[in-house]
>>> print(open('entry-v7.cif').read())   # mmCIF, C-alpha atoms
data_work
#
loop_
_atom_site.label_atom_id
_atom_site.label_comp_id
_atom_site.auth_asym_id
_atom_site.auth_seq_id
_atom_site.Cartn_x
_atom_site.Cartn_y
_atom_site.Cartn_z
CA MET A 14 6.24 -18.70 -35.94
CA VAL A 15 6.20 -16.00 -38.60
CA GLU A 16 3.34 -13.52 -38.42
CA TRP A 17 1.84 -12.35 -41.68
CA THR A 18 -0.49 -9.38 -41.97
CA ASP A 19 -3.50 -9.64 -44.29
CA SER A 20 -1.83 -7.12 -46.53
CA GLU A 21 1.37 -9.17 -46.79
CA ARG A 22 -0.58 -12.32 -47.62
CA ALA A 23 -2.56 -10.48 -50.28
CA ILE A 24 0.57 -8.98 -51.84
CA ILE A 25 2.45 -12.28 -51.99
CA THR A 26 -0.56 -14.20 -53.30
CA SER A 27 -1.08 -11.55 -55.94
CA ILE A 28 2.54 -11.68 -57.08
CA PHE A 29 2.36 -15.45 -57.55
CA SER A 30 -1.02 -15.39 -59.27
CA ASN A 31 0.38 -13.10 -61.99
CA LEU A 32 3.62 -15.01 -62.40
CA ASP A 33 4.60 -17.23 -65.33
CA TYR A 34 6.53 -19.85 -63.34
CA GLU A 35 8.49 -21.01 -66.37
CA GLU A 36 9.52 -17.54 -67.45
CA ILE A 37 10.43 -16.22 -64.01
CA GLY A 38 12.06 -19.49 -62.89
CA ARG A 39 14.26 -19.65 -65.97
CA LYS A 40 15.19 -15.96 -65.86
CA SER A 41 16.01 -15.98 -62.13
CA LEU A 42 18.17 -19.10 -62.16
CA CYS A 43 20.01 -17.99 -65.32
CA ARG A 44 20.62 -14.58 -63.80
CA CYS A 45 22.03 -16.18 -60.63
CA LEU A 46 24.40 -18.41 -62.63
CA ILE A 47 25.57 -15.43 -64.71
CA VAL A 48 25.87 -12.76 -62.01
CA TYR A 49 27.31 -15.15 -59.41
CA PRO A 50 29.25 -17.66 -61.54
CA TRP A 51 30.47 -19.67 -58.55
CA THR A 52 26.90 -20.94 -58.14
CA GLN A 53 27.52 -22.98 -61.29
CA ARG A 54 29.40 -25.44 -59.08
CA TYR A 55 26.08 -27.07 -58.23
CA PHE A 56 25.06 -27.60 -61.83
CA GLY A 57 27.86 -29.82 -63.13
CA GLY A 58 25.42 -32.27 -64.67
CA PHE A 59 23.33 -29.65 -66.43
CA GLY A 60 25.17 -29.46 -69.74
CA ASN A 61 26.70 -26.39 -71.33
CA LEU A 62 27.14 -23.39 -69.01
CA TYR A 63 30.02 -21.94 -70.97
CA ASN A 64 28.80 -18.35 -71.18
CA ALA A 65 25.71 -16.20 -70.65
CA GLU A 66 24.23 -17.10 -74.05
CA THR A 67 24.52 -20.87 -73.52
CA ILE A 68 23.16 -20.58 -69.97
CA LEU A 69 20.14 -18.61 -71.24
CA CYS A 70 19.44 -21.28 -73.89
CA ASN A 71 20.04 -24.30 -71.65
CA PRO A 72 16.82 -26.36 -71.39
CA LEU A 73 17.94 -28.22 -68.25
CA ILE A 74 18.51 -24.93 -66.45
CA ALA A 75 15.13 -23.67 -67.65
CA ALA A 76 13.43 -26.80 -66.33
CA HIS A 77 15.19 -26.42 -63.00
CA GLY A 78 14.10 -22.80 -62.77
CA THR A 79 10.48 -23.92 -63.13
CA LYS A 80 11.06 -26.55 -60.44
CA ILE A 81 12.35 -23.87 -58.06
CA LEU A 82 9.25 -21.71 -58.63
CA HIS A 83 7.00 -24.67 -57.93
CA GLY A 84 8.99 -25.18 -54.74
CA LEU A 85 8.25 -21.57 -53.78
CA ASP A 86 4.62 -22.21 -54.57
CA ARG A 87 4.60 -24.81 -51.80
CA ALA A 88 5.81 -22.16 -49.38
CA LEU A 89 3.05 -19.84 -50.60
CA LYS A 90 0.43 -22.53 -49.95
CA ASN A 91 1.83 -23.17 -46.45
CA MET A 92 2.78 -19.68 -45.38
CA ASP A 93 2.00 -20.33 -41.74
CA ASP A 94 4.51 -23.11 -41.46
CA ILE A 95 7.16 -22.80 -44.10
CA LYS A 96 9.73 -24.23 -41.70
CA SER A 97 8.04 -27.65 -41.50
CA THR A 98 7.01 -27.60 -45.14
CA TYR A 99 10.65 -27.20 -46.14
CA ALA A 100 12.24 -29.53 -43.57
CA GLU A 101 12.82 -32.33 -46.08
CA LEU A 102 13.95 -29.91 -48.78
CA SER A 103 16.41 -28.37 -46.33
CA LEU A 104 17.91 -31.78 -45.53
CA LEU A 105 18.13 -32.53 -49.24
CA HIS A 106 20.08 -29.31 -49.91
CA SER A 107 22.33 -30.00 -46.93
CA ASP A 108 23.01 -33.72 -47.11
CA LYS A 109 22.61 -34.61 -50.77
CA LEU A 110 23.16 -31.44 -52.77
CA HIS A 111 25.69 -29.86 -50.35
CA VAL A 112 24.63 -26.33 -51.24
CA ASP A 113 26.21 -23.52 -49.21
CA PRO A 114 23.10 -21.81 -47.76
CA ASP A 115 24.50 -18.38 -48.63
CA ASN A 116 23.61 -19.23 -52.21
CA PHE A 117 19.91 -19.22 -51.36
CA ARG A 118 20.22 -15.51 -50.64
CA LEU A 119 21.93 -14.93 -53.99
CA LEU A 120 19.11 -16.67 -55.85
CA ALA A 121 16.56 -14.77 -53.77
CA ASP A 122 18.17 -11.46 -54.79
CA CYS A 123 18.03 -12.48 -58.47
CA LEU A 124 14.37 -13.45 -58.09
CA THR A 125 13.69 -10.01 -56.62
CA VAL A 126 15.43 -8.24 -59.53
CA VAL A 127 13.58 -10.35 -62.14
CA ILE A 128 10.22 -9.73 -60.52
CA ALA A 129 10.99 -6.00 -60.19
CA ALA A 130 11.70 -5.91 -63.93
CA LYS A 131 8.48 -7.80 -64.66
CA MET A 132 6.22 -5.72 -62.42
CA GLY A 133 7.85 -2.34 -63.05
CA PRO A 134 6.44 0.52 -60.98
CA ALA A 135 3.84 -1.90 -59.54
CA PHE A 136 6.73 -3.33 -57.53
CA THR A 137 6.22 -0.65 -54.91
CA VAL A 138 8.15 -0.30 -51.65
CA ASP A 139 5.37 -2.13 -49.75
CA THR A 140 5.32 -4.90 -52.34
CA GLN A 141 9.09 -5.29 -52.11
CA VAL A 142 8.97 -5.39 -48.30
CA ALA A 143 6.40 -8.20 -48.31
CA TRP A 144 8.14 -10.09 -51.10
CA GLN A 145 11.58 -9.95 -49.46
CA LYS A 146 10.07 -10.94 -46.11
CA PHE A 147 8.59 -14.02 -47.81
CA LEU A 148 11.93 -14.85 -49.43
CA SER A 149 13.86 -14.40 -46.19
CA VAL A 150 11.52 -16.86 -44.45
CA VAL A 151 12.02 -19.31 -47.33
CA VAL A 152 15.80 -18.89 -47.21
CA SER A 153 15.85 -19.36 -43.45
CA ALA A 154 13.70 -22.52 -43.67
CA LEU A 155 15.91 -23.96 -46.38
CA GLY A 156 18.97 -23.55 -44.17
CA ARG A 157 17.24 -24.70 -41.00
CA GLN A 158 18.14 -28.41 -41.11
CA TYR A 159 21.83 -27.98 -41.88
CA HIS A 160 23.98 -29.71 -39.30
CA MET B 5 36.62 -9.55 -59.33
CA SER B 6 38.06 -6.52 -61.07
CA LEU B 7 36.15 -4.60 -63.71
CA THR B 8 36.78 -5.51 -67.33
CA PRO B 9 36.72 -2.75 -69.99
CA LYS B 10 33.31 -4.09 -71.02
CA ASP B 11 32.02 -3.85 -67.43
CA LYS B 12 33.20 -0.23 -67.23
CA ALA B 13 31.57 0.62 -70.55
CA THR B 14 28.28 -0.95 -69.43
CA VAL B 15 28.28 0.96 -66.15
CA LYS B 16 29.05 4.26 -67.93
CA LEU B 17 26.25 3.62 -70.42
CA PHE B 18 23.63 3.02 -67.73
CA TRP B 19 24.91 5.91 -65.65
CA GLY B 20 24.50 8.19 -68.62
CA ARG B 21 20.84 7.20 -68.83
CA MET B 22 20.30 7.55 -65.10
CA SER B 23 22.13 10.76 -64.25
CA GLY B 24 19.18 12.97 -65.22
CA LYS B 25 16.96 11.23 -62.64
CA ALA B 26 19.64 10.84 -59.98
CA GLU B 27 17.57 12.36 -57.18
CA LEU B 28 14.53 10.19 -57.90
CA ILE B 29 16.56 7.03 -58.23
CA GLY B 30 18.59 7.69 -55.10
CA ALA B 31 15.49 8.48 -53.05
CA ASP B 32 13.73 5.37 -54.36
CA ALA B 33 16.69 3.05 -53.64
CA LEU B 34 17.22 4.56 -50.19
CA SER B 35 13.48 4.31 -49.32
CA ARG B 36 13.42 0.69 -50.34
CA MET B 37 16.53 -0.11 -48.30
CA LEU B 38 15.12 1.58 -45.18
CA ALA B 39 11.83 -0.31 -45.54
CA VAL B 40 13.16 -3.75 -46.45
CA TYR B 41 16.08 -3.65 -43.99
CA PRO B 42 14.81 -1.71 -40.96
CA GLN B 43 18.16 -2.07 -39.20
CA THR B 44 19.55 0.51 -41.64
CA LYS B 45 17.27 3.12 -40.08
CA THR B 46 19.59 3.16 -37.08
CA TYR B 47 21.97 5.39 -39.00
CA PHE B 48 19.32 8.04 -39.54
CA SER B 49 17.81 8.51 -36.09
CA HIS B 50 18.54 12.24 -36.41
CA TRP B 51 16.13 12.63 -39.36
CA LYS B 52 12.65 14.05 -38.84
CA SER B 53 11.09 11.48 -41.11
CA LEU B 54 12.26 8.29 -42.81
CA SER B 55 9.22 7.86 -45.03
CA PRO B 56 9.71 7.59 -48.80
CA GLY B 57 8.71 11.12 -49.78
CA SER B 58 10.43 12.94 -46.94
CA PRO B 59 12.88 15.81 -47.64
CA ASP B 60 15.67 14.09 -45.72
CA VAL B 61 15.34 10.88 -47.74
CA LYS B 62 15.19 12.79 -51.04
CA LYS B 63 18.21 14.92 -50.17
CA HIS B 64 20.28 11.99 -49.00
CA GLY B 65 19.28 9.88 -51.98
CA LYS B 66 20.66 12.65 -54.18
CA THR B 67 23.88 12.85 -52.13
CA ILE B 68 24.44 9.12 -52.50
CA MET B 69 23.83 9.17 -56.25
CA MET B 70 26.21 12.12 -56.71
CA GLY B 71 28.83 10.06 -54.85
CA ILE B 72 28.21 7.06 -57.09
CA GLY B 73 28.28 9.26 -60.18
CA ASP B 74 31.64 10.59 -59.05
CA ALA B 75 32.86 7.02 -58.56
CA VAL B 76 31.83 6.21 -62.16
CA THR B 77 34.31 8.86 -63.36
CA LYS B 78 37.01 7.36 -61.16
CA MET B 79 36.44 3.71 -62.04
CA ASP B 80 40.06 3.18 -63.03
CA ASP B 81 41.29 3.85 -59.51
CA LEU B 82 38.41 3.71 -57.07
CA GLU B 83 40.60 3.36 -54.01
CA ARG B 84 42.41 6.61 -54.69
CA GLY B 85 39.36 8.36 -56.07
CA LEU B 86 37.20 7.56 -53.04
CA LEU B 87 39.85 8.19 -50.38
CA THR B 88 38.07 11.15 -48.79
CA LEU B 89 34.70 9.42 -48.86
CA SER B 90 36.26 6.34 -47.32
CA GLU B 91 37.71 8.41 -44.50
CA LEU B 92 34.30 9.98 -43.94
CA HIS B 93 32.59 6.58 -43.72
CA ALA B 94 35.39 5.10 -41.59
CA PHE B 95 35.96 7.80 -39.02
CA LYS B 96 32.82 9.87 -38.92
CA LEU B 97 29.83 7.89 -40.19
CA ARG B 98 31.12 4.46 -39.18
CA VAL B 99 28.54 2.63 -41.26
CA ASP B 100 28.99 -1.14 -40.91
CA PRO B 101 30.25 -2.14 -44.37
CA THR B 102 27.74 -5.00 -44.67
CA ASN B 103 25.12 -2.31 -45.24
CA PHE B 104 26.68 -1.26 -48.55
CA LYS B 105 25.43 -4.57 -50.01
CA LEU B 106 21.90 -3.77 -48.87
CA LEU B 107 21.85 -0.41 -50.65
CA SER B 108 23.49 -1.97 -53.73
CA LEU B 109 20.68 -4.52 -54.04
CA ASN B 110 18.10 -1.76 -53.95
CA ILE B 111 19.93 0.25 -56.60
CA LEU B 112 19.80 -2.88 -58.77
CA VAL B 113 16.06 -3.25 -58.08
CA VAL B 114 15.42 0.36 -59.14
CA MET B 115 17.47 -0.19 -62.29
CA ALA B 116 15.48 -3.35 -63.10
CA ILE B 117 12.25 -1.34 -62.79
CA MET B 118 13.61 1.51 -64.95
CA PHE B 119 15.20 -0.70 -67.63
CA PRO B 120 13.20 -3.96 -67.68
CA ASP B 121 14.54 -5.03 -71.08
CA ASP B 122 18.01 -3.50 -71.02
CA PHE B 123 19.00 -4.58 -67.50
CA THR B 124 20.06 -7.99 -68.80
CA PRO B 125 21.96 -10.54 -66.68
CA MET B 126 25.25 -9.27 -68.19
CA ALA B 127 24.38 -5.66 -67.37
CA HIS B 128 23.38 -6.74 -63.85
CA LEU B 129 26.74 -8.50 -63.51
CA ALA B 130 28.69 -5.39 -64.57
CA VAL B 131 26.79 -3.03 -62.28
CA ASP B 132 26.95 -5.46 -59.35
CA LYS B 133 30.71 -5.80 -59.80
CA PHE B 134 31.05 -2.01 -59.88
CA LEU B 135 28.96 -1.53 -56.75
CA CYS B 136 30.99 -4.25 -54.97
CA ALA B 137 34.25 -2.53 -56.00
CA LEU B 138 32.81 0.78 -54.83
CA ALA B 139 31.86 -0.71 -51.45
CA LEU B 140 35.34 -2.17 -51.11
CA ALA B 141 36.95 1.19 -51.84
CA LEU B 142 34.57 2.87 -49.38
CA SER B 143 35.60 0.52 -46.61
CA GLU B 144 39.33 0.82 -47.39
CA LYS B 145 40.08 3.18 -44.51
CA TYR B 146 38.05 1.32 -41.88
CA ARG B 147 40.99 -0.52 -40.34
#
>>> encode(input="entry-v7.cif", output="structure tokens")
Amino acid sequence: MVEWTDSERAIITSIFSNLDYEEIGRKSLCRCLIVYPWTQRYFGGFGNLYNAETILCNPLIAAHGTKILHGLDRALKNMDDIKSTYAELSLLHSDKLHVDPDNFRLLADCLTVVIAAKMGPAFTVDTQVAWQKFLSVVVSALGRQYH
Amino acid sequence: MSLTPKDKATVKLFWGRMSGKAELIGADALSRMLAVYPQTKTYFSHWKSLSPGSPDVKKHGKTIMMGIGDAVTKMDDLERGLLTLSELHAFKLRVDPTNFKLLSLNILVVMAIMFPDDFTPMAHLAVDKFLCALALALSEKYR
């Protein structure tokens, strides 16, 4: 089981409470699809992904970004057992969506960059440590049920 | 994943804006890497202190940024330009090349903080490609 200090919980809760899920979700997913174009393989049914401009304007991608943030919100609300909380989601990504789990790390890195840009200097070293710890637990849980 | 002329221009532009604060940026990126990925501390067991403000971290952050700045001027042939540095990392420092990615991410984070509006996805792409190419050139002499 993952141990969280009070400080880590406070930091992560604070980050989420100041987050616009739609804005950050959209920006993070778009950034992932642009910086790591091979991730577009999973979004064949999402309309026009021709270039950075069309990706940034794509409403289906924006909606999916929001969905991802709401998924992270579930992890936030169940920080003491993210593994079980995400068991079904992990199976979904493995068996139905067939997503290479390495891609979770790529999206996580884009999320980190977007949040760093949003928070600026408030994204201190301690904040980044807690945030990336949270994301690494999420990424691990999402890959847990692959078989 | 080679650098397009546009990628090179983007990297040069950002580097121009960063070179004046190289020491600060390098120290910040290095501090973040050491904190977020504690395994990287294993390469610095000879330092007195690994905390963010420490003289060793500041000095090494500057060294790294000078190296990257040099690489920016040699973007057209990184392998040749970074030959000596590659030999240093391969035969003396023997840093596991997977760690280059970890530092790269933290350089990107520092850039996002410094340039929240200008560090667009396209800029991120260009810089990430450059840092990947740099890491590849650095590990050229490993085996």
>>> resolve_selection(input="entry-v7.cif", expression="the PyMOL selection byres ((chain A and resi 134-147) around 9)", output="PyMOL selection string")
(chain A and resi 20-22+24-25+28+88-89+92+121-122+125+128-133+148-152) or (chain B and resi 32+35-36+39-41+56+117-118)
>>> interface_residues(input="entry-v7.cif", of="chain B", to="chain A", cutoff="12 Å", atoms="all atoms listed in the file", output="PyMOL selection string")
chain B and resi 5+31-42+55-57+105-106+108-133
>>> closest_residue(input="entry-v7.cif", among="A:Trp17, A:Phe29, A:Tyr55, A:Tyr63", to="A:Leu110", atoms="only C-alpha atoms")
A:Tyr55
>>> atom_distance(input="entry-v7.cif", atom1="atom CA of B:Ser23", atom2="atom CA of B:Met69")
8.3 Å
>>> closest_residue(input="entry-v7.cif", among="B:Leu89, B:Tyr146, B:Asp11, B:Ser6", to="B:Ile72", atoms="all atoms listed in the file")
B:Leu89
>>> resolve_selection(input="entry-v7.cif", expression="the PyMOL selection byres ((chain B and resi 142) around 12)", output="PyMOL selection string")
chain B and resi 71-72+75+82-95+97-105+135-141+143-147
>>> resolve_selection(input="entry-v7.cif", expression="the PyMOL selection byres ((chain B and resi 73) around 10)", output="PyMOL selection string")
chain B and resi 16+19-20+22-23+26+67-72+74-78
>>> residues_around(input="entry-v7.cif", residues="A:Pro114", least_positions_apart="5", cutoff="9 Å", atoms="all atoms listed in the file", output="VMD selection string")
chain A and resid 106 to 107 152 to 153 155 to 156 159
>>> write_last_selection(input="entry-v7.cif", atoms="C-alpha atoms", output="PDB file, keeping the file's coordinate frame")
ATOM      1  CA  HIS A 106      20.080 -29.310 -49.910  1.00  0.00           C
ATOM      2  CA  SER A 107      22.330 -30.000 -46.930  1.00  0.00           C
ATOM      3  CA  VAL A 152      15.800 -18.890 -47.210  1.00  0.00           C
ATOM      4  CA  SER A 153      15.850 -19.360 -43.450  1.00  0.00           C
ATOM      5  CA  LEU A 155      15.910 -23.960 -46.380  1.00  0.00           C
ATOM      6  CA  GLY A 156      18.970 -23.550 -44.170  1.00  0.00           C
ATOM      7  CA  TYR A 159      21.830 -27.980 -41.880  1.00  0.00           C
TER       8      TYR A 159
END
>>> atom_distance(input="entry-v7.cif", atom1="atom CA of A:Leu119", atom2="atom CA of A:Phe59")
19.3 Å
>>> atom_distance(input="entry-v7.cif", atom1="atom CA of A:Glu35", atom2="atom CA of A:Leu73")
12.0 Å
>>> closest_residue(input="entry-v7.cif", among="A:Ala100, A:Ala154, A:Ile37, A:Ala23", to="A:Ile81", atoms="all atoms listed in the file")
A:Ile37
>>> axis_aligned_box(input="entry-v7.cif", around="stretch 121-139 of chain A", padding_each_side="4 Å", output="AutoDock Vina command-line options")
--center_x 11.0 --center_y -7.1 --center_z -57.2 --size_x 22.3 --size_y 23.3 --size_z 22.9
>>> decode(input="entry-v7.cif", residues="stretch 90-107 of chain B", atoms="N, CA, C and O atoms", output="compact mmCIF listing (two decimals), in the first residue's frame")
# COMPACT_ATOMS: atom_id res chain seq x y z
N SER B 90 30.70 12.78 -24.78
CA SER B 90 30.21 11.40 -24.81
C SER B 90 31.24 10.46 -24.21
O SER B 90 30.91 9.58 -23.42
N GLU B 91 32.49 10.69 -24.56
CA GLU B 91 33.56 9.84 -23.99
C GLU B 91 33.63 10.00 -22.49
O GLU B 91 33.79 9.01 -21.75
N LEU B 92 33.46 11.23 -22.02
CA LEU B 92 33.45 11.49 -20.57
C LEU B 92 32.34 10.70 -19.88
O LEU B 92 32.55 10.04 -18.87
N HIS B 93 31.12 10.78 -20.44
CA HIS B 93 29.98 10.10 -19.83
C HIS B 93 30.10 8.59 -19.95
O HIS B 93 29.66 7.87 -19.07
N ALA B 94 30.73 8.12 -21.03
CA ALA B 94 30.84 6.68 -21.28
C ALA B 94 31.91 6.02 -20.42
O ALA B 94 31.67 4.98 -19.82
N PHE B 95 33.07 6.65 -20.37
CA PHE B 95 34.20 5.96 -19.75
C PHE B 95 34.49 6.40 -18.33
O PHE B 95 35.05 5.65 -17.54
N LYS B 96 34.14 7.65 -18.02
CA LYS B 96 34.46 8.13 -16.68
C LYS B 96 33.21 8.18 -15.80
O LYS B 96 33.14 7.56 -14.76
N LEU B 97 32.20 8.91 -16.24
CA LEU B 97 31.02 9.10 -15.40
C LEU B 97 30.12 7.88 -15.37
O LEU B 97 29.51 7.55 -14.35
N ARG B 98 30.02 7.24 -16.52
CA ARG B 98 29.19 6.02 -16.67
C ARG B 98 27.79 6.20 -16.10
O ARG B 98 27.29 5.38 -15.33
N VAL B 99 27.16 7.29 -16.50
CA VAL B 99 25.77 7.55 -16.12
C VAL B 99 24.88 6.68 -16.99
O VAL B 99 24.98 6.71 -18.21
N ASP B 100 23.99 5.91 -16.36
CA ASP B 100 23.04 5.09 -17.15
C ASP B 100 22.23 6.04 -18.04
O ASP B 100 21.62 6.99 -17.53
N PRO B 101 22.23 5.79 -19.34
CA PRO B 101 21.59 6.73 -20.26
C PRO B 101 20.10 6.98 -20.01
O PRO B 101 19.57 8.00 -20.45
N THR B 102 19.42 6.08 -19.30
CA THR B 102 17.99 6.32 -19.04
C THR B 102 17.82 7.58 -18.19
O THR B 102 16.75 8.20 -18.19
N ASN B 103 18.86 7.97 -17.47
CA ASN B 103 18.75 9.15 -16.62
C ASN B 103 18.70 10.46 -17.40
O ASN B 103 18.21 11.47 -16.88
N PHE B 104 19.20 10.45 -18.64
CA PHE B 104 19.16 11.68 -19.43
C PHE B 104 17.72 12.14 -19.62
O PHE B 104 17.42 13.32 -19.59
N LYS B 105 16.81 11.14 -19.79
CA LYS B 105 15.38 11.46 -19.96
C LYS B 105 14.83 12.17 -18.72
O LYS B 105 13.97 13.04 -18.83
N LEU B 106 15.32 11.75 -17.55
CA LEU B 106 14.79 12.28 -16.30
C LEU B 106 15.19 13.75 -16.15
O LEU B 106 14.38 14.59 -15.74
N LEU B 107 16.43 14.07 -16.52
CA LEU B 107 16.86 15.46 -16.46
C LEU B 107 16.12 16.28 -17.52
O LEU B 107 15.68 17.38 -17.26
